[in-house]
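What follows is the content of input-v2.cif (mmCIF, C-alpha atoms).
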```cif
data_protein
loop_
_atom_site.label_atom_id
_atom_site.label_comp_id
_atom_site.auth_asym_id
_atom_site.auth_seq_id
_atom_site.Cartn_x
_atom_site.Cartn_y
_atom_site.Cartn_z
CA MET A 1 107.25 113.83 91.30
CA LYS A 2 104.36 116.04 92.45
CA TRP A 3 100.56 116.21 92.45
CA ASN A 4 99.13 119.68 93.06
CA ASP A 5 102.54 120.73 94.40
CA THR A 6 102.53 117.88 96.95
CA PRO A 7 105.52 115.53 96.66
CA ILE A 8 104.56 111.95 95.81
CA ARG A 9 106.73 109.32 97.50
CA LYS A 10 104.62 106.21 96.94
CA ILE A 11 102.60 105.19 93.89
CA SER A 12 100.16 102.34 93.20
CA LEU A 13 99.97 100.93 89.67
CA SER A 14 97.34 98.76 88.02
CA ILE A 15 99.02 98.19 84.66
CA THR A 16 97.48 94.92 83.55
CA ASN A 17 93.95 93.56 83.52
CA PHE A 18 95.01 90.00 82.75
CA CYS A 19 94.23 87.52 85.52
CA ASN A 20 94.13 83.76 85.91
CA ALA A 21 91.42 83.84 88.60
CA GLY A 22 87.64 84.02 88.37
CA CYS A 23 86.68 85.72 91.63
CA PRO A 24 82.94 86.37 91.18
CA GLN A 25 82.83 89.78 92.90
CA CYS A 26 85.78 91.19 90.95
CA ASP A 27 84.86 94.04 88.60
CA ARG A 28 86.65 92.35 85.69
CA ILE A 29 84.64 89.12 86.04
CA ASN A 30 81.25 88.20 84.63
CA PRO A 31 79.47 86.51 87.59
CA ASN A 32 77.54 84.41 85.08
CA GLY A 33 80.24 81.80 84.53
CA CYS A 34 83.17 83.55 86.29
CA GLY A 35 84.96 84.35 83.05
CA THR A 36 86.46 87.64 81.91
CA ALA A 37 83.78 90.27 81.26
CA GLU A 38 83.04 90.54 77.55
CA TRP A 39 83.43 94.33 77.51
CA LEU A 40 86.94 94.29 79.00
CA PRO A 41 89.83 94.87 76.53
CA LEU A 42 92.85 92.92 77.75
CA VAL A 43 95.92 95.15 77.98
CA GLN A 44 99.25 95.28 79.81
CA TRP A 45 102.28 97.54 79.94
CA SER A 46 105.58 96.48 78.46
CA ILE A 47 108.99 97.27 79.92
CA ASP A 48 109.28 100.08 77.36
CA ASP A 49 105.97 101.55 78.53
CA PHE A 50 107.20 101.40 82.11
CA LYS A 51 110.53 103.07 81.37
CA LYS A 52 108.76 105.83 79.45
CA ALA A 53 106.38 106.51 82.37
CA PHE A 54 109.12 106.20 84.99
CA PRO A 55 112.49 107.46 83.75
CA LYS A 56 115.41 107.27 86.15
CA GLU A 57 114.93 110.79 87.47
CA THR A 58 111.30 110.00 88.36
CA LEU A 59 112.13 106.71 90.07
CA GLU A 60 114.76 108.45 92.19
CA GLU A 61 112.03 110.63 93.72
CA LEU A 62 109.89 107.66 94.83
CA ASP A 63 110.15 105.55 97.96
CA GLU A 64 107.86 102.71 96.85
CA ILE A 65 106.01 101.38 93.81
CA GLN A 66 103.03 99.12 94.46
CA PHE A 67 101.91 96.73 91.73
CA CYS A 68 98.30 96.25 92.78
CA GLY A 69 95.61 93.83 91.64
CA THR A 70 92.63 96.13 91.14
CA TRP A 71 91.92 95.08 87.55
CA GLY A 72 94.31 92.17 87.08
CA ASP A 73 97.11 90.26 88.76
CA PRO A 74 100.58 91.86 88.50
CA MET A 75 102.20 88.43 88.22
CA MET A 76 100.50 88.11 84.82
CA LEU A 77 102.64 90.96 83.49
CA LYS A 78 104.92 89.54 80.83
CA ASP A 79 107.62 92.07 81.70
CA LEU A 80 107.25 92.15 85.48
CA PHE A 81 110.74 90.76 86.09
CA PRO A 82 112.54 93.30 83.87
CA MET A 83 110.41 96.06 85.41
CA CYS A 84 111.57 95.04 88.88
CA GLU A 85 115.13 94.72 87.64
CA TYR A 86 114.97 98.24 86.22
CA ILE A 87 113.63 99.62 89.52
CA ILE A 88 116.31 97.85 91.55
CA ASP A 89 119.16 98.85 89.25
CA THR A 90 118.25 102.52 88.77
CA SER A 91 116.84 103.63 92.14
CA ASN A 92 116.48 102.92 95.85
CA CYS A 93 112.74 102.44 95.44
CA ARG A 94 110.98 99.60 97.27
CA ILE A 95 108.51 97.28 95.52
CA GLU A 96 105.20 95.87 96.74
CA ILE A 97 103.24 93.26 94.75
CA THR A 98 99.76 91.90 95.48
CA THR A 99 98.94 88.54 93.89
CA ASN A 100 96.78 85.45 94.20
CA GLY A 101 100.09 83.58 94.00
CA SER A 102 98.75 80.83 91.76
CA ILE A 103 100.71 82.12 88.76
CA ARG A 104 104.22 81.15 87.63
CA ASN A 105 106.45 78.59 89.32
CA GLU A 106 108.70 78.49 92.35
CA ASP A 107 111.81 79.28 90.31
CA TYR A 108 110.27 82.59 89.27
CA TYR A 109 109.54 83.60 92.87
CA TRP A 110 113.01 82.52 93.96
CA ASN A 111 114.70 84.54 91.22
CA LEU A 112 112.51 87.57 91.91
CA GLY A 113 113.30 87.36 95.62
CA ILE A 114 117.03 87.06 94.94
CA LEU A 115 116.88 90.03 92.56
CA CYS A 116 114.94 92.36 94.85
CA GLY A 117 116.07 91.18 98.27
CA LYS A 118 114.81 93.24 101.21
CA ARG A 119 113.31 95.83 98.88
CA LEU A 120 110.43 93.52 97.89
CA LYS A 121 107.33 92.62 99.86
CA MET A 122 104.54 90.56 98.37
CA TYR A 123 100.97 89.94 99.52
CA PHE A 124 99.55 86.48 98.74
CA ASP A 125 95.80 85.79 98.81
CA ILE A 126 95.01 82.92 101.20
CA ASP A 127 91.24 82.55 101.54
CA GLY A 128 90.85 79.14 103.14
CA ILE A 129 92.45 76.23 104.96
CA ASN A 130 91.86 73.85 102.04
CA GLN A 131 91.20 74.02 98.32
CA GLU A 132 87.42 73.88 98.66
CA MET A 133 87.23 76.79 101.08
CA HIS A 134 89.86 78.84 99.26
CA SER A 135 88.28 78.49 95.82
CA HIS A 136 84.73 79.24 96.92
CA TYR A 137 85.73 82.82 96.24
CA ARG A 138 89.28 82.61 94.80
CA ARG A 139 88.08 80.54 91.85
CA LYS A 140 90.44 78.87 89.35
CA CYS A 141 93.36 79.25 91.78
CA ASN A 142 95.41 76.45 93.31
CA LEU A 143 95.90 76.97 97.04
CA GLN A 144 98.86 74.60 97.34
CA LYS A 145 100.65 76.34 94.48
CA THR A 146 100.11 79.68 96.19
CA LEU A 147 101.47 78.34 99.47
CA ASP A 148 104.50 76.77 97.78
CA ASN A 149 105.32 79.98 95.91
CA MET A 150 105.03 81.99 99.13
CA LYS A 151 107.28 79.52 100.95
CA THR A 152 109.89 79.82 98.20
CA LEU A 153 109.88 83.62 98.40
CA SER A 154 110.31 83.36 102.19
CA GLU A 155 113.64 81.58 101.63
CA THR A 156 115.07 84.77 100.09
CA TRP A 157 115.59 88.16 101.76
CA SER A 158 112.23 89.37 100.40
CA THR A 159 109.17 89.59 102.64
CA PRO A 160 106.10 87.43 101.88
CA MET A 161 102.83 88.45 103.53
CA ALA A 162 99.32 87.04 103.34
CA GLN A 163 95.82 88.46 103.23
CA THR A 164 92.33 87.01 103.46
CA VAL A 165 89.01 88.29 102.14
CA VAL A 166 86.43 87.32 104.75
CA PHE A 167 83.01 85.82 104.04
CA GLU A 168 80.59 83.73 106.08
CA HIS A 169 82.16 80.48 104.85
CA ASN A 170 85.72 81.23 106.01
CA ARG A 171 85.08 83.56 108.98
CA PRO A 172 85.11 80.72 111.57
CA HIS A 173 88.54 79.62 110.32
CA LEU A 174 90.53 82.86 110.39
CA LYS A 175 92.95 81.70 113.09
CA GLU A 176 93.63 78.52 111.11
CA ILE A 177 94.14 80.48 107.90
CA GLU A 178 96.58 82.79 109.68
CA GLN A 179 98.53 79.83 111.03
CA LEU A 180 98.59 78.13 107.62
CA ALA A 181 99.96 81.30 106.01
CA LYS A 182 102.66 81.64 108.66
CA ASP A 183 103.56 77.95 108.37
CA TYR A 184 104.36 78.67 104.72
CA GLY A 185 106.52 81.67 105.42
CA ALA A 186 104.20 84.69 105.72
CA LYS A 187 105.78 87.31 107.98
CA TYR A 188 102.48 89.16 108.42
CA TRP A 189 98.80 88.37 107.85
CA ARG A 190 95.83 90.68 107.48
CA HIS A 191 92.15 90.13 106.82
CA PHE A 192 89.23 92.30 105.76
CA ASP A 193 85.58 91.81 104.93
CA SER A 194 84.54 91.92 101.30
CA ASN A 195 83.23 95.40 100.45
CA ARG A 196 81.55 94.27 97.23
CA PHE A 197 78.13 93.35 98.53
CA ARG A 198 75.60 95.83 97.24
CA GLU A 199 71.93 95.78 98.28
CA SER A 200 71.95 92.59 100.34
CA ASP A 201 74.21 90.35 102.40
CA THR A 202 74.28 87.68 99.68
CA PHE A 203 75.89 87.54 96.26
CA ASN A 204 74.62 84.94 93.79
CA PHE A 205 76.69 83.76 90.84
CA ILE A 206 77.18 80.92 88.37
CA ASP A 207 80.55 79.24 88.68
CA GLU A 208 82.84 78.10 85.88
CA ASN A 209 81.10 74.71 85.85
CA GLY A 210 77.65 76.21 85.39
CA LYS A 211 76.60 75.59 88.99
CA GLU A 212 74.66 78.14 91.04
CA GLN A 213 76.67 79.42 94.03
CA VAL A 214 76.26 82.04 96.72
CA LEU A 215 78.60 84.18 98.84
CA ARG A 216 77.41 85.55 102.16
CA LYS A 217 78.82 88.27 104.39
#
```

Hey, can you dump this file as structure tokens for me?
Amino acid sequence: MKWNDTPIRKISLSITNFCNAGCPQCDRINPNGCGTAEWLPLVQWSIDDFKKAFPKETLEELDEIQFCGTWGDPMMLKDLFPMCEYIIDTSNCRIEITTNGSIRNEDYYWNLGILCGKRLKMYFDIDGINQEMHSHYRRKCNLQKTLDNMKTLSETWSTPMAQTVVFEHNRPHLKEIEQLAKDYGAKYWRHFDSNRFRESDTFNFIDENGKEQVLRK
């Protein structure tokens, strides 16, 4: 697989814009209520779409496929499991998934980890040390569910990792967040400041309950 005659070994896919979360700075979210933006058509690839885009001979040229969360959460893909199964069965390609982790149950993460083994790594979003802190940005997500799903994946050969988007409200607690993530099985933790502030260091929004809220750098 090539781009301008340069071999491509790793590819990042955003193949669904479905998401269970209401993160106010996300491009797919209307910050007035934290619901899905009215202009966004909800779409996702099927396993047939995936096989058509990535036949066996194409997969064999790749080292890694990343299911990213730019416009939606990969765990919302109806056919994510058969897509991973197809990758595992027809190539040596590794898989990376980024998710808020508050989707599906522990059985799903266990089965996915057993299927993919050491060829899967998954980033879970952990944005606080408790539900209140976590959901100030990661709205509509259940922190404990995320932690439990990450812990379950850690009991397989797959590699769970954690990441934190940093704001004023959780910045003083980064060490605690890191420890919490590692207590629930994360093998690695990273953090980064939100890059979605525009003309000021504050971001005002209306939450899903109609209450005025603010995020600060």

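Taking atom CA of Trp189 of chain A and atom CA of Met150 of chain A as endpoints, the distance between them is 12.5 Å.
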
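The shortest atom-to-atom distance to Asn30 of chain A, with only C-alpha atoms taken into account, belongs to A:Ile206 out of A:Ile206, A:Met122, A:Cys141, A:Ile65.
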
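Put simply, atom CA of Ser154 of chain A is 7.2 Å away from atom CA of Ala186 of chain A.
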
Could you state which residues are captured by the PyMOL selection byres ((chain A and resi 58) around 12) in this file, as a list in words? Met1, Lys2, Pro7, Ile8, Arg9, Lys10, Ile11, Phe50, Lys51, Lys52, Ala53, Phe54, Pro55, Lys56, Glu57, Leu59, Glu60, Glu61, Leu62, Asp63, Glu64, Ile65, Ile87, Thr90, Ser91, Asn92 and Cys93 of chain A

Near-Trp157 of chain A list (10 Å; only C-alpha atoms; drop same-chain fewer than 6 positions) as a PDB file with C-alpha atoms, in the frame of the given file:
```pdb
ATOM      1  CA  TRP A 110     113.010  82.520  93.960  1.00  0.00           C
ATOM      2  CA  GLY A 113     113.300  87.360  95.620  1.00  0.00           C
ATOM      3  CA  ILE A 114     117.030  87.060  94.940  1.00  0.00           C
ATOM      4  CA  LEU A 115     116.880  90.030  92.560  1.00  0.00           C
ATOM      5  CA  CYS A 116     114.940  92.360  94.850  1.00  0.00           C
ATOM      6  CA  GLY A 117     116.070  91.180  98.270  1.00  0.00           C
ATOM      7  CA  LYS A 118     114.810  93.240 101.210  1.00  0.00           C
ATOM      8  CA  ARG A 119     113.310  95.830  98.880  1.00  0.00           C
ATOM      9  CA  LEU A 120     110.430  93.520  97.890  1.00  0.00           C
ATOM     10  CA  LYS A 121     107.330  92.620  99.860  1.00  0.00           C
TER      11      LYS A 121
END
```

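Within 12 Å of the point (92.0, 77.6, 90.3), and counting all atoms listed in the file, the protein, DNA and RNA residues are Cys19, Asn20, Ala21, Gly22, Cys23, Cys34, Asn100, Gly101, Ser102, Ile103, Gln131, Glu132, Met133, His134, Ser135, His136, Tyr137, Arg138, Arg139, Lys140, Cys141, Asn142, Leu143, Gln144, Lys145, Thr146, Asp207 and Glu208 of chain A.
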
Would you save the residues of that selection, restricted to C-alpha atoms, as a compact mmCIF listing (two decimals), in the frame of the given file?
```
# COMPACT_ATOMS: atom_id res chain seq x y z
CA CYS A 19 94.23 87.52 85.52
CA ASN A 20 94.13 83.76 85.91
CA ALA A 21 91.42 83.84 88.60
CA GLY A 22 87.64 84.02 88.37
CA CYS A 23 86.68 85.72 91.63
CA CYS A 34 83.17 83.55 86.29
CA ASN A 100 96.78 85.45 94.20
CA GLY A 101 100.09 83.58 94.00
CA SER A 102 98.75 80.83 91.76
CA ILE A 103 100.71 82.12 88.76
CA GLN A 131 91.20 74.02 98.32
CA GLU A 132 87.42 73.88 98.66
CA MET A 133 87.23 76.79 101.08
CA HIS A 134 89.86 78.84 99.26
CA SER A 135 88.28 78.49 95.82
CA HIS A 136 84.73 79.24 96.92
CA TYR A 137 85.73 82.82 96.24
CA ARG A 138 89.28 82.61 94.80
CA ARG A 139 88.08 80.54 91.85
CA LYS A 140 90.44 78.87 89.35
CA CYS A 141 93.36 79.25 91.78
CA ASN A 142 95.41 76.45 93.31
CA LEU A 143 95.90 76.97 97.04
CA GLN A 144 98.86 74.60 97.34
CA LYS A 145 100.65 76.34 94.48
CA THR A 146 100.11 79.68 96.19
CA ASP A 207 80.55 79.24 88.68
CA GLU A 208 82.84 78.10 85.88
```

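We find atom CA of Lys217 of chain A and atom CA of Gln163 of chain A to be spaced 17.0 Å apart.
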
Go through A:Asn130, A:Thr98, A:Thr152, A:Gln44 and flag the residue nearest Tyr184 of chain A, using only C-alpha atoms for the distances. A:Thr152

Which residues of segment 15-130 of chain A sit at most 10 Å from segment 175-183 of chain A, using only C-alpha atoms? Give each one's shortest atom pair and distance in Å (one decimal place), in chain and ascending residue order, as a Markdown table.
```
| residue | atom | partner | partner_atom | distance |
| --- | --- | --- | --- | --- |
| A:Phe124 | CA | A:Ala181 | CA | 8.9 |
| A:Asp125 | CA | A:Ala181 | CA | 9.5 |
| A:Ile126 | CA | A:Ala181 | CA | 7.1 |
| A:Asp127 | CA | A:Ile177 | CA | 7.3 |
| A:Gly128 | CA | A:Ile177 | CA | 5.9 |
| A:Ile129 | CA | A:Ile177 | CA | 5.4 |
| A:Asn130 | CA | A:Ile177 | CA | 9.1 |
```

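For the choices A:Ser46, A:Thr156, A:Ser194, A:Ser200, the atom-to-atom distance to Pro24 of chain A is smallest for A:Ser194 when using only C-alpha atoms.
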
List the spatial neighbours of Ala37 of chain A as a PyMOL selection string - criterion: any atom at most 12 Å away, all atoms listed in the file, same-chain residues fewer than 4 positions off excluded. chain A and resi 17-19+22-33+41-42+71

Need the shell around Asp73 of chain A: protein/DNA/RNA residues with any atom at most 6 Å away, counting all atoms listed in the file. Skip same-chain ones fewer than 2 positions apart. Format as number ranges by chain? A: 19, 69, 75-76, 99

Write out as a ChimeraX atom specification each polymer residue whose atoms come within 8 Å of Asn204 of chain A, counting all atoms listed in the file; drop sequence neighbours fewer than 6 positions from it. /A:212-215

Rebuild segment 173-202 of chain A so that it carries N, CA and C atoms, then output the result as a PDB file, keeping the file's coordinate frame.
```pdb
ATOM      1  N   HIS A 173      87.249  80.281 110.457  1.00  0.00           N
ATOM      2  CA  HIS A 173      88.540  79.620 110.320  1.00  0.00           C
ATOM      3  C   HIS A 173      89.703  80.604 110.198  1.00  0.00           C
ATOM      4  N   LEU A 174      89.500  81.844 110.614  1.00  0.00           N
ATOM      5  CA  LEU A 174      90.530  82.860 110.390  1.00  0.00           C
ATOM      6  C   LEU A 174      91.829  82.543 111.129  1.00  0.00           C
ATOM      7  N   LYS A 175      91.735  82.047 112.350  1.00  0.00           N
ATOM      8  CA  LYS A 175      92.950  81.700 113.090  1.00  0.00           C
ATOM      9  C   LYS A 175      93.720  80.585 112.379  1.00  0.00           C
ATOM     10  N   GLU A 176      92.986  79.626 111.829  1.00  0.00           N
ATOM     11  CA  GLU A 176      93.630  78.520 111.110  1.00  0.00           C
ATOM     12  C   GLU A 176      94.270  79.008 109.817  1.00  0.00           C
ATOM     13  N   ILE A 177      93.586  79.923 109.138  1.00  0.00           N
ATOM     14  CA  ILE A 177      94.140  80.480 107.900  1.00  0.00           C
ATOM     15  C   ILE A 177      95.423  81.251 108.207  1.00  0.00           C
ATOM     16  N   GLU A 178      95.386  82.049 109.269  1.00  0.00           N
ATOM     17  CA  GLU A 178      96.580  82.790 109.680  1.00  0.00           C
ATOM     18  C   GLU A 178      97.737  81.846 109.963  1.00  0.00           C
ATOM     19  N   GLN A 179      97.466  80.775 110.689  1.00  0.00           N
ATOM     20  CA  GLN A 179      98.530  79.830 111.030  1.00  0.00           C
ATOM     21  C   GLN A 179      99.074  79.138 109.792  1.00  0.00           C
ATOM     22  N   LEU A 180      98.161  78.759 108.869  1.00  0.00           N
ATOM     23  CA  LEU A 180      98.590  78.130 107.620  1.00  0.00           C
ATOM     24  C   LEU A 180      99.523  79.057 106.853  1.00  0.00           C
ATOM     25  N   ALA A 181      99.134  80.330 106.739  1.00  0.00           N
ATOM     26  CA  ALA A 181      99.960  81.300 106.010  1.00  0.00           C
ATOM     27  C   ALA A 181     101.338  81.425 106.666  1.00  0.00           C
ATOM     28  N   LYS A 182     101.383  81.483 107.973  1.00  0.00           N
ATOM     29  CA  LYS A 182     102.660  81.640 108.660  1.00  0.00           C
ATOM     30  C   LYS A 182     103.501  80.371 108.580  1.00  0.00           C
ATOM     31  N   ASP A 183     102.834  79.210 108.544  1.00  0.00           N
ATOM     32  CA  ASP A 183     103.560  77.950 108.370  1.00  0.00           C
ATOM     33  C   ASP A 183     104.286  77.910 107.024  1.00  0.00           C
ATOM     34  N   TYR A 184     103.752  78.633 106.050  1.00  0.00           N
ATOM     35  CA  TYR A 184     104.360  78.670 104.720  1.00  0.00           C
ATOM     36  C   TYR A 184     105.142  79.965 104.481  1.00  0.00           C
ATOM     37  N   GLY A 185     105.539  80.603 105.551  1.00  0.00           N
ATOM     38  CA  GLY A 185     106.520  81.670 105.420  1.00  0.00           C
ATOM     39  C   GLY A 185     106.017  83.098 105.515  1.00  0.00           C
ATOM     40  N   ALA A 186     104.708  83.318 105.635  1.00  0.00           N
ATOM     41  CA  ALA A 186     104.200  84.690 105.720  1.00  0.00           C
ATOM     42  C   ALA A 186     104.722  85.368 106.987  1.00  0.00           C
ATOM     43  N   LYS A 187     105.260  86.557 106.837  1.00  0.00           N
ATOM     44  CA  LYS A 187     105.780  87.310 107.980  1.00  0.00           C
ATOM     45  C   LYS A 187     104.683  88.140 108.646  1.00  0.00           C
ATOM     46  N   TYR A 188     103.585  88.332 107.922  1.00  0.00           N
ATOM     47  CA  TYR A 188     102.480  89.160 108.420  1.00  0.00           C
ATOM     48  C   TYR A 188     101.217  88.689 107.723  1.00  0.00           C
ATOM     49  N   TRP A 189     100.092  88.770 108.428  1.00  0.00           N
ATOM     50  CA  TRP A 189      98.800  88.370 107.850  1.00  0.00           C
ATOM     51  C   TRP A 189      97.755  89.411 108.209  1.00  0.00           C
ATOM     52  N   ARG A 190      96.927  89.754 107.240  1.00  0.00           N
ATOM     53  CA  ARG A 190      95.830  90.680 107.480  1.00  0.00           C
ATOM     54  C   ARG A 190      94.555  90.116 106.884  1.00  0.00           C
ATOM     55  N   HIS A 191      93.426  90.583 107.373  1.00  0.00           N
ATOM     56  CA  HIS A 191      92.150  90.130 106.820  1.00  0.00           C
ATOM     57  C   HIS A 191      91.182  91.307 106.796  1.00  0.00           C
ATOM     58  N   PHE A 192      90.232  91.237 105.888  1.00  0.00           N
ATOM     59  CA  PHE A 192      89.230  92.300 105.760  1.00  0.00           C
ATOM     60  C   PHE A 192      87.979  91.718 105.112  1.00  0.00           C
ATOM     61  N   ASP A 193      86.846  92.243 105.513  1.00  0.00           N
ATOM     62  CA  ASP A 193      85.580  91.810 104.930  1.00  0.00           C
ATOM     63  C   ASP A 193      85.481  92.282 103.484  1.00  0.00           C
ATOM     64  N   SER A 194      84.814  91.486 102.660  1.00  0.00           N
ATOM     65  CA  SER A 194      84.540  91.920 101.300  1.00  0.00           C
ATOM     66  C   SER A 194      83.668  93.177 101.335  1.00  0.00           C
ATOM     67  N   ASN A 195      84.026  94.170 100.515  1.00  0.00           N
ATOM     68  CA  ASN A 195      83.230  95.400 100.450  1.00  0.00           C
ATOM     69  C   ASN A 195      82.416  95.462  99.153  1.00  0.00           C
ATOM     70  N   ARG A 196      82.198  94.287  98.548  1.00  0.00           N
ATOM     71  CA  ARG A 196      81.550  94.270  97.230  1.00  0.00           C
ATOM     72  C   ARG A 196      80.133  93.689  97.262  1.00  0.00           C
ATOM     73  N   PHE A 197      79.555  93.635  98.448  1.00  0.00           N
ATOM     74  CA  PHE A 197      78.130  93.350  98.530  1.00  0.00           C
ATOM     75  C   PHE A 197      77.384  94.658  98.311  1.00  0.00           C
ATOM     76  N   ARG A 198      76.311  94.608  97.568  1.00  0.00           N
ATOM     77  CA  ARG A 198      75.600  95.830  97.240  1.00  0.00           C
ATOM     78  C   ARG A 198      74.336  95.999  98.087  1.00  0.00           C
ATOM     79  N   GLU A 199      73.204  95.512  97.621  1.00  0.00           N
ATOM     80  CA  GLU A 199      71.930  95.780  98.280  1.00  0.00           C
ATOM     81  C   GLU A 199      71.526  94.711  99.278  1.00  0.00           C
ATOM     82  N   SER A 200      72.288  93.641  99.389  1.00  0.00           N
ATOM     83  CA  SER A 200      71.950  92.590 100.340  1.00  0.00           C
ATOM     84  C   SER A 200      73.226  91.946 100.862  1.00  0.00           C
ATOM     85  N   ASP A 201      73.077  91.034 101.800  1.00  0.00           N
ATOM     86  CA  ASP A 201      74.210  90.350 102.400  1.00  0.00           C
ATOM     87  C   ASP A 201      74.564  89.063 101.660  1.00  0.00           C
ATOM     88  N   THR A 202      73.969  88.857 100.494  1.00  0.00           N
ATOM     89  CA  THR A 202      74.280  87.680  99.680  1.00  0.00           C
ATOM     90  C   THR A 202      74.661  88.110  98.276  1.00  0.00           C
TER      91      THR A 202
END
```
